[in-house]
file structure-v1.csv (CSV, C-alpha atoms and all ligand atoms)
chain,number,residue,atom,x,y,z
A,1,MET,CA,69.3,110.4,-18.0
A,2,LYS,CA,67.7,107.4,-19.5
A,3,PRO,CA,63.9,107.6,-19.2
A,4,LEU,CA,62.1,105.0,-17.0
A,5,ARG,CA,59.1,103.3,-18.4
A,6,VAL,CA,56.0,103.2,-16.2
A,7,LEU,CA,53.0,101.1,-17.1
A,8,ILE,CA,49.5,101.9,-15.8
A,9,THR,CA,46.9,99.3,-16.7
A,10,GLY,CA,43.3,100.5,-16.6
A,11,ALA,CA,44.7,103.9,-17.4
A,12,ALA,CA,41.3,105.1,-18.7
A,13,GLY,CA,39.6,104.4,-15.4
A,14,HIS,CA,39.1,106.6,-12.3
A,15,VAL,CA,42.1,105.5,-10.3
A,16,GLY,CA,44.3,104.9,-13.4
A,17,SER,CA,43.7,108.4,-14.9
A,18,SER,CA,44.4,110.1,-11.5
A,19,LEU,CA,47.7,108.2,-11.4
A,20,VAL,CA,48.7,109.1,-15.0
A,21,TYR,CA,49.0,112.8,-14.4
A,22,ARG,CA,50.9,112.5,-11.1
A,23,VAL,CA,53.4,110.1,-12.7
A,24,ALA,CA,53.8,112.5,-15.6
A,25,ALA,CA,54.4,115.4,-13.3
A,26,GLY,CA,57.3,113.6,-11.7
A,27,ASP,CA,55.7,112.4,-8.4
A,28,LEU,CA,57.4,109.0,-8.5
A,29,PHE,CA,61.1,109.7,-9.2
A,30,GLY,CA,61.5,113.4,-8.4
A,31,LEU,CA,62.2,116.3,-10.7
A,32,GLN,CA,65.2,115.0,-12.6
A,33,GLN,CA,64.2,111.6,-13.9
A,34,PRO,CA,62.3,111.5,-17.3
A,35,VAL,CA,59.6,108.9,-17.8
A,36,ILE,CA,57.8,107.2,-20.6
A,37,LEU,CA,54.2,106.4,-19.8
A,38,HIS,CA,52.6,103.2,-21.1
A,39,LEU,CA,48.8,103.5,-20.9
A,40,TYR,CA,47.0,100.3,-21.3
A,41,ASP,CA,43.3,99.5,-21.3
A,42,ILE,CA,40.7,97.3,-23.1
A,43,ASP,CA,39.8,98.0,-26.7
A,44,LYS,CA,36.6,100.0,-26.1
A,45,MET,CA,38.5,102.4,-23.9
A,46,LEU,CA,41.0,103.4,-26.7
A,47,PRO,CA,39.3,106.8,-27.4
A,48,GLU,CA,39.6,107.6,-23.7
A,49,LEU,CA,43.3,106.7,-23.7
A,50,GLN,CA,43.9,108.8,-26.9
A,51,GLY,CA,42.2,111.8,-25.2
A,52,GLU,CA,44.3,111.3,-22.2
A,53,MET,CA,47.4,111.3,-24.3
A,54,MET,CA,46.3,114.6,-25.9
A,55,GLU,CA,45.7,116.2,-22.5
A,56,LEU,CA,49.1,115.0,-21.3
A,57,GLY,CA,50.7,116.7,-24.3
A,58,ASP,CA,48.8,119.9,-23.5
A,59,CYS,CA,50.2,119.9,-20.0
A,60,ALA,CA,53.8,120.0,-21.5
A,61,PHE,CA,55.2,118.1,-18.5
A,62,PRO,CA,59.0,118.6,-18.7
A,63,LEU,CA,59.8,115.1,-17.6
A,64,LEU,CA,57.4,113.2,-19.8
A,65,LYS,CA,59.5,111.9,-22.7
A,66,ASP,CA,56.9,109.9,-24.5
A,67,VAL,CA,53.5,108.2,-24.1
A,68,VAL,CA,52.7,104.8,-25.4
A,69,VAL,CA,48.9,104.2,-25.8
A,70,THR,CA,48.0,100.7,-26.5
A,71,THR,CA,45.5,97.8,-26.0
A,72,GLU,CA,48.1,95.2,-27.0
A,73,ILE,CA,49.5,93.5,-24.0
A,74,ASP,CA,53.1,92.9,-25.4
A,75,GLU,CA,53.5,96.5,-26.3
A,76,ALA,CA,52.0,97.7,-23.0
A,77,PHE,CA,54.4,95.5,-20.9
A,78,GLY,CA,57.4,95.9,-23.2
A,79,ASP,CA,60.6,96.9,-21.2
A,80,VAL,CA,58.6,98.6,-18.4
A,81,ASP,CA,60.5,99.4,-15.2
A,82,VAL,CA,57.5,99.9,-13.0
A,83,ALA,CA,54.0,98.4,-13.5
A,84,PHE,CA,50.9,99.7,-11.7
A,85,LEU,CA,48.2,97.0,-12.3
A,86,VAL,CA,45.1,99.0,-11.7
A,87,GLY,CA,42.8,97.7,-14.4
A,88,ALA,CA,40.3,95.1,-13.2
A,89,PHE,CA,36.8,93.9,-13.7
A,90,PRO,CA,34.5,96.0,-11.5
A,91,ARG,CA,32.2,94.3,-9.0
A,92,LYS,CA,28.7,94.5,-10.4
A,93,LYS,CA,25.4,94.3,-8.5
A,94,GLY,CA,24.6,90.8,-7.4
A,95,MET,CA,28.2,89.5,-8.0
A,96,GLU,CA,29.6,87.4,-5.2
A,97,ARG,CA,33.3,87.8,-4.2
A,98,ARG,CA,33.8,84.4,-5.8
A,99,ASP,CA,32.5,85.7,-9.2
A,100,LEU,CA,34.8,88.7,-8.9
A,101,LEU,CA,37.8,86.5,-8.2
A,102,GLU,CA,36.9,84.3,-11.3
A,103,ALA,CA,36.4,87.4,-13.5
A,104,ASN,CA,39.7,89.0,-12.5
A,105,GLY,CA,41.4,85.6,-12.6
A,106,GLN,CA,41.1,85.9,-16.3
A,107,ILE,CA,43.1,89.1,-16.4
A,108,PHE,CA,46.0,88.6,-14.1
A,109,PRO,CA,47.6,85.3,-15.4
A,110,ALA,CA,48.1,87.0,-18.8
A,111,GLN,CA,49.5,90.1,-17.1
A,112,GLY,CA,51.9,88.0,-15.0
A,113,LYS,CA,53.1,86.2,-18.2
A,114,ALA,CA,53.5,89.6,-19.9
A,115,LEU,CA,55.6,90.9,-17.0
A,116,ASN,CA,57.7,87.7,-17.2
A,117,ASP,CA,58.2,87.8,-21.0
A,118,TYR,CA,58.3,91.5,-22.0
A,119,SER,CA,59.2,93.7,-19.1
A,120,ASN,CA,62.5,94.7,-17.6
A,121,PRO,CA,63.6,91.7,-15.6
A,122,ASP,CA,64.1,94.1,-12.7
A,123,VAL,CA,60.5,95.4,-12.9
A,124,ARG,CA,58.7,96.4,-9.7
A,125,VAL,CA,54.9,95.8,-9.6
A,126,VAL,CA,52.2,97.3,-7.5
A,127,VAL,CA,48.7,95.6,-7.8
A,128,VAL,CA,45.8,98.0,-7.1
A,129,GLY,CA,42.9,96.3,-8.9
A,130,ASN,CA,40.7,94.2,-6.6
A,131,PRO,CA,40.9,91.7,-5.1
A,132,ALA,CA,44.4,93.1,-5.0
A,133,ASN,CA,46.2,90.6,-2.8
A,134,THR,CA,45.0,87.6,-4.7
A,135,ASN,CA,45.4,89.3,-8.1
A,136,CYS,CA,49.0,89.9,-7.0
A,137,LEU,CA,49.5,86.3,-6.2
A,138,ILE,CA,48.1,85.2,-9.6
A,139,ALA,CA,50.4,87.7,-11.4
A,140,ALA,CA,53.5,86.7,-9.4
A,141,LYS,CA,52.9,82.9,-9.9
A,142,ASN,CA,52.6,83.5,-13.7
A,143,ALA,CA,55.9,85.2,-13.8
A,144,PRO,CA,58.3,82.3,-12.8
A,145,ASP,CA,61.4,84.2,-13.9
A,146,LEU,CA,60.7,87.1,-11.5
A,147,ASN,CA,61.2,87.1,-7.8
A,148,PRO,CA,58.0,87.2,-5.7
A,149,SER,CA,59.5,90.2,-3.9
A,150,GLN,CA,59.2,92.2,-7.1
A,151,PHE,CA,55.4,92.1,-6.6
A,152,THR,CA,53.4,94.0,-3.9
A,153,ALA,CA,49.7,94.9,-3.4
A,154,LEU,CA,48.3,98.1,-2.1
A,155,THR,CA,47.2,98.4,1.5
A,156,ARG,CA,48.7,101.8,2.0
A,157,LEU,CA,45.3,103.4,1.4
A,158,ASP,CA,43.9,101.4,4.4
A,159,HIS,CA,47.0,102.3,6.4
A,160,ASN,CA,46.6,106.0,5.7
A,161,ARG,CA,42.8,105.9,6.4
A,162,GLY,CA,43.6,104.4,9.8
A,163,VAL,CA,46.3,107.0,10.6
A,164,GLY,CA,43.9,109.8,9.5
A,165,MET,CA,41.1,108.5,11.8
A,166,LEU,CA,43.5,108.2,14.7
A,167,ALA,CA,44.8,111.7,14.2
A,168,LEU,CA,41.2,113.0,14.2
A,169,LYS,CA,40.4,111.1,17.4
A,170,LEU,CA,43.5,112.3,19.2
A,171,ASP,CA,43.4,115.8,17.8
A,172,ALA,CA,46.9,115.2,16.5
A,173,TYR,CA,48.9,115.6,13.3
A,174,VAL,CA,49.2,112.5,11.2
A,175,SER,CA,52.9,113.0,11.1
A,176,ASP,CA,53.0,112.4,14.9
A,177,ILE,CA,51.6,108.9,14.6
A,178,THR,CA,53.9,106.0,14.0
A,179,LYS,CA,53.9,102.2,13.9
A,180,PHE,CA,50.3,101.7,12.9
A,181,THR,CA,49.7,98.5,10.9
A,182,ILE,CA,47.3,97.0,8.5
A,183,TRP,CA,47.5,93.2,8.6
A,184,GLY,CA,46.1,90.9,6.0
A,185,ASN,CA,43.8,91.4,3.1
A,186,HIS,CA,42.6,94.6,1.4
A,187,SER,CA,39.0,93.7,2.3
A,188,GLY,CA,36.6,93.9,5.1
A,189,THR,CA,38.7,91.4,7.1
A,190,GLN,CA,41.8,93.5,7.2
A,191,PHE,CA,43.1,94.1,10.7
A,192,PRO,CA,44.0,97.7,11.6
A,193,ASP,CA,46.3,97.3,14.6
A,194,ILE,CA,47.1,100.0,17.1
A,195,SER,CA,48.8,97.7,19.6
A,196,HIS,CA,52.3,99.1,18.6
A,197,ALA,CA,51.1,102.5,17.4
A,198,LEU,CA,52.6,105.6,19.0
A,199,LEU,CA,51.6,109.3,19.3
A,200,LYS,CA,54.8,111.4,19.7
A,201,GLY,CA,56.5,108.2,21.0
A,202,LYS,CA,53.7,107.3,23.5
A,203,PRO,CA,51.5,104.2,23.2
A,204,ILE,CA,48.1,105.1,21.6
A,205,ASN,CA,46.6,102.0,23.3
A,206,ASP,CA,46.8,104.0,26.6
A,207,MET,CA,45.0,107.0,25.1
A,208,VAL,CA,41.9,105.3,23.6
A,209,ASP,CA,39.2,103.2,25.0
A,210,PHE,CA,39.3,99.5,23.8
A,211,ASP,CA,35.6,99.4,23.1
A,212,TRP,CA,36.0,102.5,20.8
A,213,TYR,CA,38.9,100.8,19.1
A,214,LYS,CA,37.1,97.4,18.6
A,215,ASP,CA,33.6,98.6,17.9
A,216,GLU,CA,34.1,101.9,16.0
A,217,PHE,CA,37.7,102.3,14.7
A,218,ILE,CA,38.3,98.8,13.3
A,219,PRO,CA,35.0,98.6,11.4
A,220,ALA,CA,35.4,102.2,10.2
A,221,VAL,CA,38.8,101.5,8.7
A,222,GLN,CA,37.6,98.1,7.3
A,223,GLN,CA,34.5,99.6,5.7
A,224,ARG,CA,35.9,103.0,4.6
A,225,GLY,CA,35.8,102.1,0.9
A,226,SER,CA,32.2,101.0,1.0
A,227,GLU,CA,31.3,104.1,3.0
A,228,ILE,CA,32.8,106.4,0.4
A,229,LEU,CA,30.9,104.5,-2.3
A,230,ARG,CA,27.7,104.9,-0.2
A,231,VAL,CA,28.1,108.6,0.4
A,232,ARG,CA,29.1,109.8,-3.1
A,233,GLY,CA,28.1,106.8,-5.3
A,234,MET,CA,31.7,106.4,-6.5
A,235,SER,CA,34.6,104.5,-4.9
A,236,SER,CA,37.9,106.1,-3.8
A,237,THR,CA,39.8,107.6,-6.7
A,238,VAL,CA,42.3,110.4,-5.9
A,239,SER,CA,43.1,108.9,-2.5
A,240,ALA,CA,43.8,105.6,-4.1
A,241,ALA,CA,46.1,107.1,-6.7
A,242,ILE,CA,48.0,109.2,-4.1
A,243,CYS,CA,48.4,106.2,-1.8
A,244,THR,CA,49.7,104.1,-4.7
A,245,ILE,CA,52.4,106.8,-5.2
A,246,LYS,CA,53.1,106.8,-1.5
A,247,HIS,CA,53.4,103.0,-1.5
A,248,PHE,CA,55.8,103.2,-4.4
A,249,LYS,CA,57.9,106.0,-3.0
A,250,SER,CA,58.4,104.3,0.4
A,251,TRP,CA,59.6,101.2,-1.5
A,252,TYR,CA,61.9,103.2,-3.8
A,253,TYR,CA,63.3,105.8,-1.4
A,254,GLY,CA,62.9,104.0,2.0
A,255,THR,CA,60.7,104.4,5.0
A,256,ASN,CA,61.2,107.0,7.8
A,257,ASP,CA,63.4,106.1,10.8
A,258,ASN,CA,61.5,104.6,13.7
A,259,ASP,CA,58.4,103.9,11.6
A,260,TRP,CA,57.1,101.5,9.1
A,261,VAL,CA,54.4,101.3,6.4
A,262,SER,CA,51.9,98.6,5.5
A,263,LYS,CA,52.3,96.7,2.2
A,264,ALA,CA,50.9,93.4,1.0
A,265,VAL,CA,54.0,91.4,0.3
A,266,TYR,CA,54.9,87.7,-0.2
A,267,SER,CA,54.2,85.9,3.0
A,268,THR,CA,56.6,83.0,2.7
A,269,GLY,CA,59.2,83.0,5.5
A,270,ASN,CA,57.3,85.4,7.8
A,271,SER,CA,57.7,85.0,11.5
A,272,TYR,CA,54.1,85.6,12.5
A,273,GLY,CA,52.7,82.1,11.6
A,274,ILE,CA,50.9,83.4,8.6
A,275,ALA,CA,50.6,80.8,5.9
A,276,ASP,CA,53.2,80.7,3.1
A,277,ASP,CA,52.4,81.7,-0.5
A,278,LEU,CA,50.0,84.6,0.1
A,279,TYR,CA,50.3,88.3,-0.5
A,280,TYR,CA,49.5,89.5,3.0
A,281,SER,CA,49.8,93.0,4.4
A,282,PHE,CA,52.5,93.3,7.0
A,283,PRO,CA,54.4,96.2,8.7
A,284,VAL,CA,57.3,96.7,6.4
A,285,THR,CA,60.5,98.9,6.4
A,286,CYS,CA,62.4,99.7,3.3
A,287,ASP,CA,66.1,100.6,3.6
A,288,SER,CA,67.4,101.1,0.1
A,289,GLU,CA,66.2,101.1,-3.4
A,290,PHE,CA,63.4,98.5,-3.7
A,291,GLU,CA,64.5,96.4,-0.7
A,292,TYR,CA,61.9,95.7,1.9
A,293,THR,CA,61.9,93.8,5.2
A,294,VAL,CA,58.9,92.6,7.2
A,295,VAL,CA,59.2,94.0,10.7
A,296,ASP,CA,60.1,91.1,12.9
A,297,GLY,CA,59.5,90.2,16.5
A,298,LEU,CA,56.5,92.3,17.3
A,299,GLU,CA,54.6,91.1,20.3
A,300,ILE,CA,51.2,89.8,19.2
A,301,ASN,CA,48.5,89.5,21.8
A,302,GLU,CA,45.6,87.1,21.7
A,303,PHE,CA,43.1,89.6,20.2
A,304,CYS,CA,45.5,90.6,17.4
A,305,GLU,CA,46.4,87.0,16.6
A,306,LYS,CA,42.7,86.2,16.2
A,307,MET,CA,42.1,89.2,13.9
A,308,MET,CA,45.3,88.4,11.8
A,309,LYS,CA,44.1,84.8,11.4
A,310,ILE,CA,40.6,85.8,10.1
A,311,SER,CA,42.2,87.8,7.3
A,312,GLU,CA,44.7,85.0,6.6
A,313,GLN,CA,41.8,82.5,6.3
A,314,GLU,CA,40.0,84.7,3.8
A,315,LEU,CA,43.1,84.9,1.7
A,316,ILE,CA,43.6,81.1,1.8
A,317,ALA,CA,39.9,80.7,0.7
A,318,GLU,CA,40.4,83.2,-2.1
A,319,ARG,CA,43.5,81.3,-3.2
A,320,ASP,CA,41.5,78.0,-3.2
A,321,VAL,CA,39.0,79.6,-5.7
A,322,ILE,CA,41.7,80.6,-8.2
A,323,ARG,CA,44.2,77.8,-7.5
A,324,HIS,CA,43.9,76.6,-11.1
A,325,LEU,CA,45.3,79.9,-12.3
A,326,LEU,CA,48.5,79.7,-10.3
B,401,LIG,P1,37.2,101.9,-13.1
B,401,LIG,O1,36.1,100.9,-13.4
B,401,LIG,O2,37.0,103.4,-13.2
B,401,LIG,O3,38.5,101.6,-14.0
B,401,LIG,C1,38.9,100.3,-14.3
B,401,LIG,C2,39.6,100.3,-15.6
B,401,LIG,O4,40.2,99.1,-15.9
B,401,LIG,C3,38.6,100.6,-16.8
B,401,LIG,O5,39.2,101.6,-17.6
B,401,LIG,C4,38.6,99.3,-17.5
B,401,LIG,O6,38.3,99.4,-18.9
B,401,LIG,C5,40.0,98.7,-17.2
B,401,LIG,N1,40.1,97.3,-17.4
B,401,LIG,C6,39.2,96.3,-17.3
B,401,LIG,N2,39.7,95.1,-17.6
B,401,LIG,C7,41.0,95.4,-18.0
B,401,LIG,C8,42.0,94.6,-18.5
B,401,LIG,N3,41.8,93.3,-18.7
B,401,LIG,N4,43.2,95.1,-18.8
B,401,LIG,C9,43.4,96.5,-18.6
B,401,LIG,N5,42.5,97.3,-18.2
B,401,LIG,C10,41.3,96.8,-17.9
B,401,LIG,O7,37.7,101.5,-11.6
B,401,LIG,P2,38.7,102.3,-10.7
B,401,LIG,O8,37.8,103.1,-9.7
B,401,LIG,O9,39.7,103.0,-11.4
B,401,LIG,O10,39.3,101.1,-9.8
B,401,LIG,C11,40.3,100.3,-10.4
B,401,LIG,C12,40.5,99.1,-9.5
B,401,LIG,O11,41.2,99.5,-8.4
B,401,LIG,C13,39.2,98.4,-9.0
B,401,LIG,O12,39.5,97.0,-9.0
B,401,LIG,C14,39.1,98.9,-7.6
B,401,LIG,O13,38.3,98.0,-6.8
B,401,LIG,C15,40.6,99.0,-7.2
B,401,LIG,N6,40.9,99.8,-6.1
B,401,LIG,C16,41.7,99.3,-5.1
B,401,LIG,C17,42.1,100.1,-4.1
B,401,LIG,C18,43.1,99.5,-3.1
B,401,LIG,O14,43.3,100.2,-2.0
B,401,LIG,N7,43.8,98.4,-3.3
B,401,LIG,C19,41.6,101.4,-3.9
B,401,LIG,C20,40.7,101.8,-4.9
B,401,LIG,C21,40.4,101.1,-6.0
call {"tool": "encode", "arguments": {"input": "structure-v1.csv", "output": "structure tokens", "more": "lines below"}}
Ligand code: NAI
result
Amino acid sequence: MKPLRVLITGAAGHVGSSLVYRVAAGDLFGLQQPVILHLYDIDKMLPELQGEMMELGDCAFPLLKDVVVTTEIDEAFGDVDVAFLVGAFPRKKGMERRDLLEANGQIFPAQGKALNDYSNPDVRVVVVGNPANTNCLIAAKNAPDLNPSQFTALTRLDHNRGVGMLALKLDAYVSDITKFTIWGNHSGTQFPDISHALLKGKPINDMVDFDWYKDEFIPAVQQRGSEILRVRGMSSTVSAAICTIKHFKSWYYGTNDNDWVSKAVYSTGNSYGIADDLYYSFPVTCDSEFEYTVVDGLEINEFCEKMMKISEQELIAERDVIRHLL
């Protein structure tokens, strides 16, 4: 079987390195498909990448055919079938969101061009590095030969956070909860929506108090990343890596019947009145290899519409800041 090439940018960082070992172990494509890992980071992280390569060798993963360690963008993106764009400029103390957008804006045009010029034309891309939705837009716009539907950004971590919190509240198994949605941006404006969510097929809306939902649940999901950072002084790592794999697997293998997942996908053509030309998180089903469909025709009440619009407006404002990079 021909090995598939999987690129992880920021492979020396916390999320990237958690991802590396899971991909090497066969978590993406199952236990038959060999992979070649492309580990890419900035120059000063080269020793970290080299150490990672040695450890990968020591694990003797049966499906890991080869490892390419590089700080050269053309080599990193060359012929890759899957690209996880994790590497990004970290937000430092005193930095405004605008500064972060500008800093990361320098990274993602080059990576979009590299995907366009060097990768397998059928490449599938998952953007994790923040601000993930807008970085995804920048990368996609700089890859004119690729279809915008080949690009997605990660909101599965937010989705799974919400499902986990609901399960706790309802004393249920997460697997009994379906049709929960994250709308919008992977940021504090994201909208965790339970208006269609079900527990064993019954509406969750009828089981929880609206004030709890509005005043506790929604802020808890929106602020979960900051809360983890506050509690342990470090942002999400393993959960981010695992949810990146889950995001990818639902895209590749398909979603469960009678359920959906949340993914930030290209908004153009959506039926919810969200502006075109954004990467916005929607409820999405996937039927066959790498096809996805935004779930259509959900009833949206006034509260939900307002919340969905707040996140849309934030994404439009982010796009305005980096418009010169598109
Ligand atoms: P980290 O700081 O540990 O690692 C980032 C890595 O990216 C570093 O190794 C750094 O050298 C590398 N890097 C910086 N500029 C680069 C460039 N131009 N090209 C390639 N690599 C570059 O950060 P961590 O914790 O691994 O997080 C990575 C990103 O993922 C951050 O932006 C973080 O905010 C984001 N994130 C997103 C989540 C989501 O749900 N969408 C969840 C968790 C993290």
call {"tool": "residues_around", "arguments": {"input": "structure-v1.csv", "residues": "Phe108 of chain A", "least_positions_apart": "2", "cutoff": "7 Å", "atoms": "all atoms listed in the file", "output": "VMD selection string"}}
result
chain A and resid 104 to 106 110 to 112 135 138 to 139
call {"tool": "residues_near_ligand", "arguments": {"input": "structure-v1.csv", "ligand": "ligand LIG 401 (chain B)", "cutoff": "7 Å", "atoms": "only C-alpha atoms and all ligand atoms", "output": "MDAnalysis selection string"}}
result
chainID A and resid 9:16 40:42 45 86:90 107 128:132 153:158 186 235:237 240
call {"tool": "atom_distance", "arguments": {"input": "structure-v1.csv", "atom1": "atom CA of Val125 of chain A", "atom2": "atom CA of Ala83 of chain A"}}
result
4.8 Å
call {"tool": "residues_around", "arguments": {"input": "structure-v1.csv", "residues": "Trp212 of chain A", "least_positions_apart": "4", "cutoff": "12 Å", "atoms": "all atoms listed in the file", "output": "PDB file with C-alpha atoms, in the frame of the given file"}}
result
ATOM      1  CA  MET A 165      41.100 108.500  11.800  1.00  0.00           C
ATOM      2  CA  LEU A 166      43.500 108.200  14.700  1.00  0.00           C
ATOM      3  CA  LYS A 169      40.400 111.100  17.400  1.00  0.00           C
ATOM      4  CA  ILE A 194      47.100 100.000  17.100  1.00  0.00           C
ATOM      5  CA  ASN A 205      46.600 102.000  23.300  1.00  0.00           C
ATOM      6  CA  MET A 207      45.000 107.000  25.100  1.00  0.00           C
ATOM      7  CA  VAL A 208      41.900 105.300  23.600  1.00  0.00           C
ATOM      8  CA  GLU A 216      34.100 101.900  16.000  1.00  0.00           C
ATOM      9  CA  PHE A 217      37.700 102.300  14.700  1.00  0.00           C
ATOM     10  CA  ILE A 218      38.300  98.800  13.300  1.00  0.00           C
ATOM     11  CA  PRO A 219      35.000  98.600  11.400  1.00  0.00           C
ATOM     12  CA  ALA A 220      35.400 102.200  10.200  1.00  0.00           C
TER      13      ALA A 220
END
call {"tool": "residues_around", "arguments": {"input": "structure-v1.csv", "residues": "Ser288 of chain A", "least_positions_apart": "3", "cutoff": "9 Å", "atoms": "only C-alpha atoms", "output": "list in words"}}
result
Trp251, Tyr252, Tyr253, Gly254, Thr255, Glu291 and Tyr292 of chain A
call {"tool": "residues_around", "arguments": {"input": "structure-v1.csv", "residues": "Arg98 of chain A", "least_positions_apart": "2", "cutoff": "10 Å", "atoms": "all atoms listed in the file", "output": "list of chain:residue names"}}
result
A:Met95, A:Glu96, A:Leu100, A:Leu101, A:Glu102, A:Ala103, A:Ala317, A:Glu318, A:Val321, A:Ile322
call {"tool": "atom_distance", "arguments": {"input": "structure-v1.csv", "atom1": "atom CA of Gln190 of chain A", "atom2": "atom CA of Lys113 of chain A"}}
result
28.7 Å
call {"tool": "closest_residue", "arguments": {"input": "structure-v1.csv", "among": "A:Gly233, A:Gly78, A:Gly188, A:Gly164", "to": "Tyr118 of chain A", "atoms": "all atoms listed in the file"}}
result
A:Gly78
call {"tool": "atom_distance", "arguments": {"input": "structure-v1.csv", "atom1": "atom CA of Val6 of chain A", "atom2": "atom CA of Tyr266 of chain A"}}
result
22.3 Å
call {"tool": "residues_near_point", "arguments": {"input": "structure-v1.csv", "point": "(41.8, 89.6, 7.5)", "cutoff": "12 Å", "atoms": "all atoms listed in the file", "output": "ChimeraX atom specification"}}
result
/A:133,155,182-193,218-219,222,264,274,279-282,304-318
call {"tool": "residues_around", "arguments": {"input": "structure-v1.csv", "residues": "Tyr173 of chain A", "least_positions_apart": "3", "cutoff": "10 Å", "atoms": "all atoms listed in the file", "output": "ChimeraX atom specification"}}
result
/A:163-164,166-168,170,176-177,199-200
